[in-house]
$ cat input00.cif   # mmCIF, C-alpha atoms
data_coords
loop_
_atom_site.group_PDB
_atom_site.id
_atom_site.type_symbol
_atom_site.label_atom_id
_atom_site.label_comp_id
_atom_site.auth_asym_id
_atom_site.auth_seq_id
_atom_site.Cartn_x
_atom_site.Cartn_y
_atom_site.Cartn_z
ATOM 1 C CA MET A 1 13.312 12.515 -10.224
ATOM 2 C CA ALA A 2 10.495 10.628 -8.525
ATOM 3 C CA GLU A 3 8.177 13.638 -8.651
ATOM 4 C CA GLN A 4 9.018 14.250 -12.311
ATOM 5 C CA ARG A 5 8.241 10.624 -13.105
ATOM 6 C CA ASP A 6 4.916 10.762 -11.261
ATOM 7 C CA ARG A 7 3.896 14.012 -12.943
ATOM 8 C CA HIS A 8 4.796 12.689 -16.391
ATOM 9 C CA ALA A 9 2.799 9.519 -15.709
ATOM 10 C CA LEU A 10 -0.164 11.601 -14.544
ATOM 11 C CA THR A 11 0.016 13.765 -17.684
ATOM 12 C CA LEU A 12 0.105 10.708 -19.950
ATOM 13 C CA GLU A 13 -2.824 9.096 -18.110
ATOM 14 C CA THR A 14 -4.771 12.339 -18.466
ATOM 15 C CA LEU A 15 -4.004 12.549 -22.194
ATOM 16 C CA LEU A 16 -5.169 8.965 -22.684
ATOM 17 C CA ALA A 17 -8.321 9.584 -20.639
ATOM 18 C CA THR A 18 -9.046 12.687 -22.718
ATOM 19 C CA LEU A 19 -8.585 10.965 -26.081
ATOM 20 C CA ARG A 20 -10.640 7.944 -24.996
ATOM 21 C CA SER A 21 -13.467 9.877 -23.352
ATOM 22 C CA PRO A 22 -16.903 9.142 -24.871
ATOM 23 C CA ARG A 23 -18.024 12.597 -23.722
ATOM 24 C CA LEU A 24 -15.788 14.374 -26.258
ATOM 25 C CA ASP A 25 -15.801 14.303 -30.061
ATOM 26 C CA ASP A 26 -12.507 14.156 -31.960
ATOM 27 C CA ARG A 27 -12.094 17.909 -32.262
ATOM 28 C CA ALA A 28 -12.872 18.589 -28.616
ATOM 29 C CA ALA A 29 -10.600 15.745 -27.511
ATOM 30 C CA ARG A 30 -7.698 17.145 -29.523
ATOM 31 C CA THR A 31 -8.272 20.610 -28.080
ATOM 32 C CA MET A 32 -8.372 19.275 -24.549
ATOM 33 C CA ALA A 33 -5.254 17.144 -25.130
ATOM 34 C CA VAL A 34 -3.344 20.183 -26.358
ATOM 35 C CA ASP A 35 -4.465 22.122 -23.274
ATOM 36 C CA VAL A 36 -3.325 19.314 -20.972
ATOM 37 C CA ALA A 37 0.077 19.049 -22.670
ATOM 38 C CA ALA A 38 0.583 22.821 -22.669
ATOM 39 C CA GLY A 39 -0.417 23.061 -19.030
ATOM 40 C CA ALA A 40 2.012 20.271 -18.129
ATOM 41 C CA LEU A 41 4.860 22.059 -19.892
ATOM 42 C CA VAL A 42 4.090 25.320 -18.122
ATOM 43 C CA GLY A 43 3.891 23.523 -14.807
ATOM 44 C CA LEU A 44 7.211 21.837 -15.466
ATOM 45 C CA ARG A 45 8.880 25.178 -16.131
ATOM 46 C CA VAL A 46 7.325 26.768 -13.071
ATOM 47 C CA GLN A 47 8.342 23.845 -10.890
ATOM 48 C CA SER A 48 11.947 24.046 -12.033
ATOM 49 C CA ASP A 49 12.039 27.684 -10.904
ATOM 50 C CA GLU A 50 10.386 27.158 -7.535
ATOM 51 C CA GLN A 51 12.252 26.889 -4.284
ATOM 52 C CA THR A 52 11.051 24.088 -2.032
ATOM 53 C CA ALA A 53 9.117 25.637 0.836
ATOM 54 C CA ALA A 54 10.255 24.843 4.370
ATOM 55 C CA LEU A 55 6.631 24.496 5.508
ATOM 56 C CA GLU A 56 3.307 24.166 3.697
ATOM 57 C CA PRO A 57 -0.115 24.674 5.293
ATOM 58 C CA VAL A 58 -1.866 21.312 5.220
ATOM 59 C CA ALA A 59 -4.873 22.788 3.389
ATOM 60 C CA GLY A 60 -2.591 24.377 0.799
ATOM 61 C CA ALA A 61 -0.698 21.128 0.246
ATOM 62 C CA PHE A 62 -4.003 19.315 -0.248
ATOM 63 C CA GLY A 63 -5.139 21.999 -2.674
ATOM 64 C CA ARG A 64 -2.005 21.405 -4.759
ATOM 65 C CA LEU A 65 -2.852 17.692 -4.812
ATOM 66 C CA GLN A 66 -6.330 18.478 -6.117
ATOM 67 C CA GLY A 67 -4.739 20.608 -8.827
ATOM 68 C CA ASP A 68 -2.423 17.740 -9.774
ATOM 69 C CA LEU A 69 -5.330 15.305 -10.135
ATOM 70 C CA ARG A 70 -7.935 17.675 -11.570
ATOM 71 C CA PRO A 71 -7.154 16.995 -15.284
ATOM 72 C CA LEU A 72 -7.351 13.243 -14.755
ATOM 73 C CA VAL A 73 -10.647 13.606 -12.907
ATOM 74 C CA ARG A 74 -12.082 15.965 -15.513
ATOM 75 C CA TYR A 75 -11.464 13.818 -18.577
ATOM 76 C CA SER A 76 -11.860 10.270 -17.301
ATOM 77 C CA GLU A 77 -14.749 8.163 -16.057
ATOM 78 C CA LEU A 78 -13.182 8.026 -12.587
ATOM 79 C CA ASP A 79 -15.159 9.976 -9.981
ATOM 80 C CA VAL A 80 -12.766 11.339 -7.345
ATOM 81 C CA GLU A 81 -14.065 12.765 -4.067
ATOM 82 C CA PHE A 82 -11.729 14.965 -2.029
ATOM 83 C CA VAL A 83 -12.225 15.274 1.730
ATOM 84 C CA GLU A 84 -10.184 18.267 2.833
ATOM 85 C CA PRO A 85 -8.152 18.323 6.062
ATOM 86 C CA PRO A 86 -8.916 20.843 8.824
ATOM 87 C CA ALA A 87 -7.487 24.211 7.838
ATOM 88 C CA SER A 88 -6.081 24.623 11.352
ATOM 89 C CA GLY A 89 -3.925 21.496 11.131
ATOM 90 C CA ARG A 90 -0.178 21.662 11.725
ATOM 91 C CA ALA A 91 1.820 22.897 8.731
ATOM 92 C CA LEU A 92 3.623 20.143 6.844
ATOM 93 C CA PRO A 93 7.387 20.080 6.294
ATOM 94 C CA GLY A 94 8.026 20.658 2.587
ATOM 95 C CA GLU A 95 9.537 17.177 2.182
ATOM 96 C CA ILE A 96 6.466 15.503 3.712
ATOM 97 C CA ALA A 97 4.018 17.608 1.676
ATOM 98 C CA HIS A 98 5.853 16.718 -1.538
ATOM 99 C CA ALA A 99 6.066 13.035 -0.604
ATOM 100 C CA ALA A 100 2.374 12.888 0.354
ATOM 101 C CA ARG A 101 1.278 14.301 -3.014
ATOM 102 C CA ALA A 102 3.596 11.919 -4.873
ATOM 103 C CA ILE A 103 2.300 8.947 -2.862
ATOM 104 C CA VAL A 104 -1.350 9.795 -3.550
ATOM 105 C CA ARG A 105 -0.673 10.395 -7.255
ATOM 106 C CA THR A 106 1.100 7.040 -7.501
ATOM 107 C CA ALA A 107 -1.728 5.263 -5.684
ATOM 108 C CA VAL A 108 -4.423 6.845 -7.863
ATOM 109 C CA LEU A 109 -2.519 5.934 -11.030
ATOM 110 C CA ALA A 110 -2.222 2.351 -9.745
ATOM 111 C CA ILE A 111 -5.988 2.293 -9.187
ATOM 112 C CA VAL A 112 -6.614 3.702 -12.679
ATOM 113 C CA ASP A 113 -4.322 1.064 -14.190
ATOM 114 C CA ARG A 114 -6.392 -1.706 -12.565
ATOM 115 C CA GLY A 115 -9.363 -0.457 -14.559
ATOM 116 C CA GLU A 116 -12.314 -1.607 -12.471
ATOM 117 C CA PRO A 117 -12.998 1.207 -9.922
ATOM 118 C CA SER A 118 -15.373 4.019 -10.875
ATOM 119 C CA ARG A 119 -15.049 6.038 -7.654
ATOM 120 C CA VAL A 120 -12.123 7.005 -5.427
ATOM 121 C CA ARG A 121 -12.296 8.925 -2.140
ATOM 122 C CA ILE A 122 -9.177 10.761 -0.930
ATOM 123 C CA GLN A 123 -9.032 12.096 2.621
ATOM 124 C CA TRP A 124 -6.251 13.860 4.538
ATOM 125 C CA ASP A 125 -6.121 14.555 8.251
ATOM 126 C CA CYS A 126 -3.459 15.596 10.732
ATOM 127 C CA ASP A 127 -3.130 14.571 14.380
ATOM 128 C CA GLY A 128 -0.275 16.970 15.132
ATOM 129 C CA LEU A 129 2.416 14.316 14.781
ATOM 130 C CA HIS A 130 1.393 12.556 11.579
ATOM 131 C CA LEU A 131 -0.281 13.210 8.248
ATOM 132 C CA LEU A 132 -3.053 10.627 7.861
ATOM 133 C CA ILE A 133 -4.078 9.691 4.319
ATOM 134 C CA ALA A 134 -7.002 7.445 3.372
ATOM 135 C CA ILE A 135 -7.705 6.393 -0.226
ATOM 136 C CA ARG A 136 -10.786 4.270 -0.841
ATOM 137 C CA ASP A 137 -12.069 2.817 -4.129
ATOM 138 C CA ASP A 138 -15.168 0.856 -5.141
ATOM 139 C CA GLY A 139 -13.326 -1.849 -7.094
ATOM 140 C CA ARG A 140 -13.367 -5.610 -6.674
ATOM 141 C CA GLY A 141 -11.990 -5.400 -3.155
ATOM 142 C CA ASP A 142 -9.017 -7.678 -3.767
ATOM 143 C CA LEU A 143 -6.167 -5.213 -3.236
ATOM 144 C CA SER A 144 -3.552 -6.113 -0.601
ATOM 145 C CA VAL A 145 -0.393 -4.575 0.800
ATOM 146 C CA HIS A 146 1.584 -7.199 -1.137
ATOM 147 C CA ASP A 147 0.054 -6.232 -4.487
ATOM 148 C CA ASP A 148 2.704 -5.354 -7.082
ATOM 149 C CA ALA A 149 0.673 -2.298 -8.095
ATOM 150 C CA LEU A 150 1.296 -0.804 -4.645
ATOM 151 C CA ARG A 151 4.999 -1.596 -4.471
ATOM 152 C CA PRO A 152 6.012 1.935 -5.605
ATOM 153 C CA VAL A 153 3.691 3.366 -2.953
ATOM 154 C CA ALA A 154 5.209 1.112 -0.272
ATOM 155 C CA GLU A 155 8.707 2.199 -1.279
ATOM 156 C CA GLN A 156 7.779 5.892 -1.131
ATOM 157 C CA VAL A 157 6.144 5.455 2.286
ATOM 158 C CA THR A 158 9.113 3.489 3.609
ATOM 159 C CA ALA A 159 11.551 6.171 2.467
ATOM 160 C CA ILE A 160 10.125 8.590 5.042
ATOM 161 C CA ALA A 161 9.434 6.002 7.783
ATOM 162 C CA GLY A 162 5.687 6.007 7.190
ATOM 163 C CA ARG A 163 3.152 3.220 7.621
ATOM 164 C CA LEU A 164 1.063 1.596 4.912
ATOM 165 C CA ALA A 165 -1.987 -0.599 5.468
ATOM 166 C CA VAL A 166 -4.574 -1.962 3.043
ATOM 167 C CA ALA A 167 -8.024 -3.297 3.945
ATOM 168 C CA SER A 168 -10.251 -4.903 1.294
ATOM 169 C CA THR A 169 -13.781 -6.265 1.266
ATOM 170 C CA PRO A 170 -14.609 -8.459 -1.754
ATOM 171 C CA GLY A 171 -17.237 -6.764 -3.879
ATOM 172 C CA TRP A 172 -17.088 -3.519 -1.903
ATOM 173 C CA GLY A 173 -13.655 -2.078 -2.607
ATOM 174 C CA SER A 174 -10.330 -1.414 -0.924
ATOM 175 C CA GLN A 175 -8.960 1.227 1.403
ATOM 176 C CA ILE A 176 -5.326 2.322 1.552
ATOM 177 C CA ASP A 177 -4.328 3.942 4.869
ATOM 178 C CA ILE A 178 -1.040 5.814 5.073
ATOM 179 C CA CYS A 179 0.511 7.452 8.128
ATOM 180 C CA LEU A 180 3.435 9.823 7.531
ATOM 181 C CA PRO A 181 5.459 11.289 10.435
ATOM 182 C CA LEU A 182 5.747 15.066 10.351
ATOM 183 C CA ASP A 183 9.117 15.016 12.088
ATOM 184 C CA PRO A 184 12.074 13.685 10.113
ATOM 185 C CA PRO A 185 13.058 10.070 10.800
ATOM 186 C CA ALA A 186 16.444 9.140 12.144
ATOM 187 C CA ASP A 187 19.088 8.847 9.452
ATOM 188 C CA SER A 188 20.080 5.232 8.922
ATOM 189 C CA GLU A 189 23.237 6.460 7.210
ATOM 190 C CA ALA A 190 24.554 7.180 10.693
ATOM 191 C CA LEU A 191 25.721 3.580 10.889
ATOM 192 C CA PRO A 192 29.390 3.013 10.168
ATOM 193 C CA ARG A 193 29.889 2.530 6.449
ATOM 194 C CA ALA A 194 32.047 -0.479 7.273
ATOM 195 C CA MET A 195 28.810 -2.265 8.145
ATOM 196 C CA ASP A 196 28.072 -2.563 4.433
ATOM 197 C CA ALA A 197 24.305 -2.753 5.006
ATOM 198 C CA SER A 198 22.160 -3.407 1.951
ATOM 199 C CA PRO A 199 19.473 -0.910 0.852
ATOM 200 C CA ARG A 200 16.758 -3.237 2.182
ATOM 201 C CA GLU A 201 18.538 -3.584 5.516
ATOM 202 C CA ARG A 202 18.656 0.189 5.774
ATOM 203 C CA ASP A 203 14.918 0.327 5.041
ATOM 204 C CA VAL A 204 14.361 -2.110 7.915
ATOM 205 C CA LEU A 205 16.733 -0.167 10.148
ATOM 206 C CA ARG A 206 14.906 3.112 9.500
ATOM 207 C CA LEU A 207 11.659 1.525 10.685
ATOM 208 C CA VAL A 208 13.316 -0.176 13.674
ATOM 209 C CA VAL A 209 14.658 3.212 14.764
ATOM 210 C CA ALA A 210 11.136 4.632 14.323
ATOM 211 C CA GLY A 211 9.924 2.099 16.901
ATOM 212 C CA ARG A 212 8.068 -0.264 14.573
ATOM 213 C CA ARG A 213 7.514 -3.899 15.442
ATOM 214 C CA ASN A 214 8.421 -6.693 13.050
ATOM 215 C CA ARG A 215 4.814 -7.150 11.946
ATOM 216 C CA GLU A 216 4.436 -3.455 11.154
ATOM 217 C CA ILE A 217 7.739 -3.428 9.273
ATOM 218 C CA ALA A 218 6.662 -6.473 7.264
ATOM 219 C CA GLN A 219 3.373 -4.817 6.316
ATOM 220 C CA THR A 220 5.077 -1.567 5.337
ATOM 221 C CA LEU A 221 7.731 -3.238 3.179
ATOM 222 C CA GLY A 222 5.451 -5.922 1.762
ATOM 223 C CA VAL A 223 7.563 -8.818 3.059
ATOM 224 C CA SER A 224 7.134 -11.602 5.624
ATOM 225 C CA GLU A 225 7.928 -11.263 9.321
ATOM 226 C CA ASN A 226 10.602 -13.934 8.927
ATOM 227 C CA THR A 227 12.313 -11.780 6.297
ATOM 228 C CA VAL A 228 12.258 -8.823 8.686
ATOM 229 C CA LYS A 229 13.727 -10.974 11.482
ATOM 230 C CA PHE A 230 16.467 -12.080 9.092
ATOM 231 C CA HIS A 231 17.364 -8.468 8.236
ATOM 232 C CA VAL A 232 17.294 -7.394 11.898
ATOM 233 C CA SER A 233 19.588 -10.287 12.791
ATOM 234 C CA ASN A 234 22.000 -9.227 10.057
ATOM 235 C CA LEU A 235 21.948 -5.628 11.290
ATOM 236 C CA LEU A 236 22.719 -6.706 14.848
ATOM 237 C CA HIS A 237 25.605 -8.842 13.636
ATOM 238 C CA LYS A 238 27.052 -6.176 11.339
ATOM 239 C CA SER A 239 26.767 -3.375 13.894
ATOM 240 C CA GLY A 240 28.010 -5.418 16.846
ATOM 241 C CA ALA A 241 24.872 -4.538 18.810
ATOM 242 C CA ASN A 242 23.427 -7.099 21.229
ATOM 243 C CA SER A 243 19.802 -5.930 21.034
ATOM 244 C CA ARG A 244 17.416 -3.748 19.064
ATOM 245 C CA THR A 245 17.665 -1.123 21.803
ATOM 246 C CA GLU A 246 21.446 -1.051 21.486
ATOM 247 C CA LEU A 247 21.133 -0.877 17.684
ATOM 248 C CA VAL A 248 18.810 2.140 17.918
ATOM 249 C CA ALA A 249 21.140 3.825 20.406
ATOM 250 C CA LEU A 250 24.060 3.283 18.025
ATOM 251 C CA VAL A 251 22.194 4.962 15.165
ATOM 252 C CA ARG A 252 21.088 7.896 17.294
ATOM 253 C CA SER A 253 24.441 8.473 18.955
#
$ encode --input "input00.cif" --output "structure tokens"
Amino acid sequence: MAEQRDRHALTLETLLATLRSPRLDDRAARTMAVDVAAGALVGLRVQSDEQTAALEPVAGAFGRLQGDLRPLVRYSELDVEFVEPPASGRALPGEIAHAARAIVRTAVLAIVDRGEPSRVRIQWDCDGLHLLIAIRDDGRGDLSVHDDALRPVAEQVTAIAGRLAVASTPGWGSQIDICLPLDPPADSEALPRAMDASPRERDVLRLVVAGRRNREIAQTLGVSENTVKFHVSNLLHKSGANSRTELVALVRS
């Protein structure tokens, strides 16, 4: 559902960029819009027939991302630079490859919605344990991890126990850094259902189990450290654990 939503949003943004482009006259714009819509429909049908691959080469996964964004780049004023990962990098689990493409698409659409950037640089790398994503724009440089525009990105990153950081320099642009683990995170559903943990508490728990500190959890979820401490305290109380270490052991047992 999330991927379908992101792809539909990307198609609509591309259609709007095509119809608004000063480079195309009315006839050419209509022709291009029809091509975009037809291509999206074909892609939708193909996707529904595809089986999710267990592993994807990192270069191949990045190539699919470029294909996803190519129509938007072609028909808009946004200049997107792609920095490809090393071809010899570790293959990505299918779930991580899919999530990474969805996260980048969501982030780029958020940047497009803000309106001011004219250039975006997208870079992937792999250190053997994590997929490292860097997205840099040349906008006003006022983007932060707490920005509402990045909330969907933060939620997607959190869902797979990743890390999100944003660095901005006024007048020079912003950079979004994302670190996604290549090995699946521990399942927070392992806690007894009688605990009745809220969805947000389970988000916090997933990151606690991944070894994140309160500050890192706060940055990833876009909340304060005090809020994280509150959720951790609730989790300890509900689980009967006396420490974070005991809580992690309970989840992993």
$ residues_near_point --input "input00.cif" --point "(-15.1, -2.6, -5.3)" --cutoff "7 Å" --atoms "all atoms listed in the file" --output "ChimeraX atom specification"
/A:117,137-141,170-174
$ residues_around --input "input00.cif" --residues "segment 149-154 of chain A" --least-positions-apart "4" --cutoff "7 Å" --atoms "all atoms listed in the file" --output "JSON, numbers by chain"
{"A": [103, 106, 107, 110, 145, 158, 164, 220, 221]}
$ resolve_selection --input "input00.cif" --expression "the PyMOL selection byres ((chain A and resi 178) around 7)" --output "PyMOL selection string"
chain A and resi 132-134+163-165+176-177+179-180
$ residues_around --input "input00.cif" --residues "Ala17 of chain A" --least-positions-apart "5" --cutoff "12 Å" --atoms "only C-alpha atoms" --output "number ranges by chain"
A: 10-12, 22-24, 29-30, 32-33, 36, 71-78, 109, 112-113, 115
$ resolve_selection --input "input00.cif" --expression "the PyMOL selection byres ((chain A and resi 102) around 12)" --output "VMD selection string"
chain A and resid 1 to 10 61 to 62 64 to 66 68 to 69 95 to 101 103 to 109 152 to 157
$ residues_near_point --input "input00.cif" --point "(20.3, -3.8, 17.5)" --cutoff "12 Å" --atoms "all atoms listed in the file" --output "ChimeraX atom specification"
/A:191,204-206,208-209,211,229,231-252
$ write_last_selection --input "input00.cif" --atoms "C-alpha atoms" --output "CSV table (one decimal), in the coordinates of the input"
chain,number,residue,atom,x,y,z
A,191,LEU,CA,25.7,3.6,10.9
A,204,VAL,CA,14.4,-2.1,7.9
A,205,LEU,CA,16.7,-0.2,10.1
A,206,ARG,CA,14.9,3.1,9.5
A,208,VAL,CA,13.3,-0.2,13.7
A,209,VAL,CA,14.7,3.2,14.8
A,211,GLY,CA,9.9,2.1,16.9
A,229,LYS,CA,13.7,-11.0,11.5
A,231,HIS,CA,17.4,-8.5,8.2
A,232,VAL,CA,17.3,-7.4,11.9
A,233,SER,CA,19.6,-10.3,12.8
A,234,ASN,CA,22.0,-9.2,10.1
A,235,LEU,CA,21.9,-5.6,11.3
A,236,LEU,CA,22.7,-6.7,14.8
A,237,HIS,CA,25.6,-8.8,13.6
A,238,LYS,CA,27.1,-6.2,11.3
A,239,SER,CA,26.8,-3.4,13.9
A,240,GLY,CA,28.0,-5.4,16.8
A,241,ALA,CA,24.9,-4.5,18.8
A,242,ASN,CA,23.4,-7.1,21.2
A,243,SER,CA,19.8,-5.9,21.0
A,244,ARG,CA,17.4,-3.7,19.1
A,245,THR,CA,17.7,-1.1,21.8
A,246,GLU,CA,21.4,-1.1,21.5
A,247,LEU,CA,21.1,-0.9,17.7
A,248,VAL,CA,18.8,2.1,17.9
A,249,ALA,CA,21.1,3.8,20.4
A,250,LEU,CA,24.1,3.3,18.0
A,251,VAL,CA,22.2,5.0,15.2
A,252,ARG,CA,21.1,7.9,17.3
$ residues_around --input "input00.cif" --residues "Arg215 of chain A" --least-positions-apart "5" --cutoff "10 Å" --atoms "all atoms listed in the file" --output "PyMOL selection string"
chain A and resi 220+223-226+228-229
$ axis_aligned_box --input "input00.cif" --around "segment 54-73 of chain A" --padding-each-side "5 Å" --output "JSON"
{"center_x": -0.2, "center_y": 19.0, "center_z": -4.9, "size_x": 30.9, "size_y": 21.6, "size_z": 30.8}
$ atom_distance --input "input00.cif" --atom1 "atom CA of His130 of chain A" --atom2 "atom CA of Phe230 of chain A"
29.0 Å
$ residues_around --input "input00.cif" --residues "Gly89 of chain A" --least-positions-apart "3" --cutoff "10 Å" --atoms "all atoms listed in the file" --output "PyMOL selection string"
chain A and resi 57-59+85-86+92+125-128+131
$ write_last_selection --input "input00.cif" --atoms "C-alpha atoms" --output "short mmCIF file (atom, residue, chain, number, x, y, z; two decimals), in the frame of the given file"
data_model
loop_
_atom_site.label_atom_id
_atom_site.label_comp_id
_atom_site.auth_asym_id
_atom_site.auth_seq_id
_atom_site.Cartn_x
_atom_site.Cartn_y
_atom_site.Cartn_z
CA PRO A 57 -0.12 24.67 5.29
CA VAL A 58 -1.87 21.31 5.22
CA ALA A 59 -4.87 22.79 3.39
CA PRO A 85 -8.15 18.32 6.06
CA PRO A 86 -8.92 20.84 8.82
CA LEU A 92 3.62 20.14 6.84
CA ASP A 125 -6.12 14.56 8.25
CA CYS A 126 -3.46 15.60 10.73
CA ASP A 127 -3.13 14.57 14.38
CA GLY A 128 -0.28 16.97 15.13
CA LEU A 131 -0.28 13.21 8.25
#
$ atom_distance --input "input00.cif" --atom1 "atom CA of Val83 of chain A" --atom2 "atom CA of Gln175 of chain A"
14.4 Å
$ atom_distance --input "input00.cif" --atom1 "atom CA of His146 of chain A" --atom2 "atom CA of Glu201 of chain A"
18.6 Å
$ resolve_selection --input "input00.cif" --expression "the PyMOL selection byres ((chain A and resi 80) around 6)" --output "list in words"
Asp79, Glu81, Arg119, Val120 and Arg121 of chain A
